[in-house]
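Please read the structure below before turning to the comments.
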Amino acid sequence: MSLLLESSVYSFGIYTALNALIMLVLSILVVRARVTTRTDIGDGGKPEMAAPLRAHANNSEYVPMALLLLWALASPLGGTIWMIHGVGAPLTLGRLLHAIGLSGSTGPSSLRLVGMVLTWIAYVVGIASIFYLVFFHPAAAQ
């Protein structure tokens with residue numbers, strides 16, 4: 001457990017694995033909905049396919065870039081462990097809350113809203129951290 005507070009690479013690894021697990025669960029929910037509704041492709045015009053498809057698609061739209069931000073911070077750019085957790089924790093919690101909120105209903109939900117806000121916070125922290133490391137960190141002046 002202490003490696004998660006000391007190593008950027010280990011922290012990157014755990015956030016990658018956790019977000020991959022969320023993606024796997026969302027994929028399984030899509031397959032389950034397809035079997036239940038007998039839908040081979042797309043939504044088949046069946047409203048009950050919308051929530052699992054959108055939960056999976058939304059996760060697929062946001063997680064890859066966030067993991068690239070995490071990777072850049074864990075790379076030789078030298079992001080601090082707190083930068084890694086500042087991106088990884090809100091991303092992972094946000095994606096989980098968003099998926100739960102959207103899996104229950106395609107209508108508005110507070111879990112979806114909180115999940116998206118946390119995801120955007122992860123993006124802002126990642127972007128700001130990388131800009132700081134590239135343009136303002138003392139090592140960037142060398």
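Chain labels run A, B, ... following the order of the structure tokens; each chain numbers its residues from 1, and ligands are numbered from 1 in the order shown.
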
Taking only residues of range 52-98 of chain A that have an atom at most 9 Å from an atom of range 6-26 of chain A, what is each one's shortest atom pair and its distance in Å to one decimal, using only C-alpha atoms, in chain and number order, as a Markdown table?
```
| residue | atom | partner | partner_atom | distance |
| --- | --- | --- | --- | --- |
| A:Pro52 | CA | A:Leu26 | CA | 7.0 |
| A:Leu53 | CA | A:Leu26 | CA | 8.4 |
| A:Ala55 | CA | A:Leu26 | CA | 6.9 |
| A:His56 | CA | A:Leu26 | CA | 5.3 |
| A:Asn59 | CA | A:Met23 | CA | 7.0 |
| A:Ser60 | CA | A:Met23 | CA | 7.6 |
| A:Val63 | CA | A:Asn19 | CA | 7.4 |
| A:Leu67 | CA | A:Thr16 | CA | 6.8 |
| A:Leu70 | CA | A:Phe12 | CA | 6.3 |
| A:Trp71 | CA | A:Phe12 | CA | 6.7 |
| A:Leu73 | CA | A:Ser8 | CA | 7.9 |
| A:Ala74 | CA | A:Ser8 | CA | 5.1 |
| A:Ser75 | CA | A:Val9 | CA | 7.9 |
| A:Gly78 | CA | A:Ser8 | CA | 8.6 |
| A:Gly79 | CA | A:Ser8 | CA | 7.5 |
| A:Thr80 | CA | A:Ser8 | CA | 7.0 |
| A:Ile81 | CA | A:Ser8 | CA | 5.3 |
| A:Trp82 | CA | A:Ser8 | CA | 8.8 |
| A:Met83 | CA | A:Ser8 | CA | 8.9 |
| A:Ile84 | CA | A:Ser8 | CA | 6.5 |
| A:His85 | CA | A:Ser11 | CA | 7.4 |
| A:Gly88 | CA | A:Tyr15 | CA | 5.8 |
| A:Ala89 | CA | A:Tyr15 | CA | 7.7 |
| A:Leu91 | CA | A:Asn19 | CA | 8.5 |
| A:Thr92 | CA | A:Asn19 | CA | 6.2 |
| A:Arg95 | CA | A:Ile22 | CA | 7.8 |
| A:Leu96 | CA | A:Ile22 | CA | 6.9 |
```

Selection file, C-alpha atoms, as a compact mmCIF listing (two decimals), in the first residue's frame:
```txt
# COMPACT_ATOMS: atom_id res chain seq x y z
CA PRO A 52 -25.75 0.37 -20.91
CA LEU A 53 -24.56 1.51 -24.35
CA ALA A 55 -22.48 4.21 -19.95
CA HIS A 56 -19.91 2.13 -21.84
CA ASN A 59 -16.43 5.76 -20.33
CA SER A 60 -14.68 4.91 -23.60
CA VAL A 63 -10.84 7.36 -19.88
CA LEU A 67 -4.87 7.73 -18.75
CA LEU A 70 -1.60 10.08 -16.01
CA TRP A 71 1.07 8.37 -18.10
CA LEU A 73 2.78 12.62 -15.29
CA ALA A 74 4.25 9.23 -14.31
CA SER A 75 6.84 9.46 -17.09
CA GLY A 78 8.52 13.94 -13.11
CA GLY A 79 4.98 14.50 -11.90
CA THR A 80 4.66 14.27 -8.14
CA ILE A 81 2.70 11.50 -6.52
CA TRP A 82 0.08 14.09 -5.56
CA MET A 83 -0.32 15.10 -9.21
CA ILE A 84 -0.92 11.44 -10.08
CA HIS A 85 -3.51 11.03 -7.32
CA GLY A 88 -6.40 9.33 -10.82
CA ALA A 89 -8.64 9.57 -7.75
CA LEU A 91 -11.16 10.20 -12.52
CA THR A 92 -11.77 6.76 -11.06
CA ARG A 95 -16.21 7.26 -13.79
CA LEU A 96 -17.66 4.88 -11.21
```

*DSSP on the backbone: what in chain A comes out alpha helix (DSSP H), as a ChimeraX atom specification?*
/A:3-6,8-37,50-74,81-104,110-131

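As for CA of Ser103 in chain A and CA of Ala51 in chain A, they are spaced 5.3 Å apart.
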
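When CA of Leu118 in chain A is paired with CA of Ala99 in chain A, their separation reads 12.6 Å.
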
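Nearest residue to Val87 in chain A among A:Ala57, A:Ala33, A:Ile41, A:Ala128 is A:Ala128, counting only C-alpha atoms.
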
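CA of Arg54 in chain A is found 24.7 Å from CA of Gly126 in chain A.
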
*Looking at only C-alpha atoms, which of A:Ile28, A:Ser2, A:Leu77, A:Thr36 is the one that sits closest to Val134 in chain A?*
A:Leu77

*asked:* Under the rule that only C-alpha atoms are counted, which of A:Gly94, A:Pro47, A:Gly86, A:Pro64 is the nearest residue to Thr106 in chain A?
replied: A:Pro47

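When only C-alpha atoms are used to measure the gap to Ile121 in chain A, the shortest distance among A:Ala50, A:Val30, A:Leu93, A:Ala139 belongs to A:Leu93.
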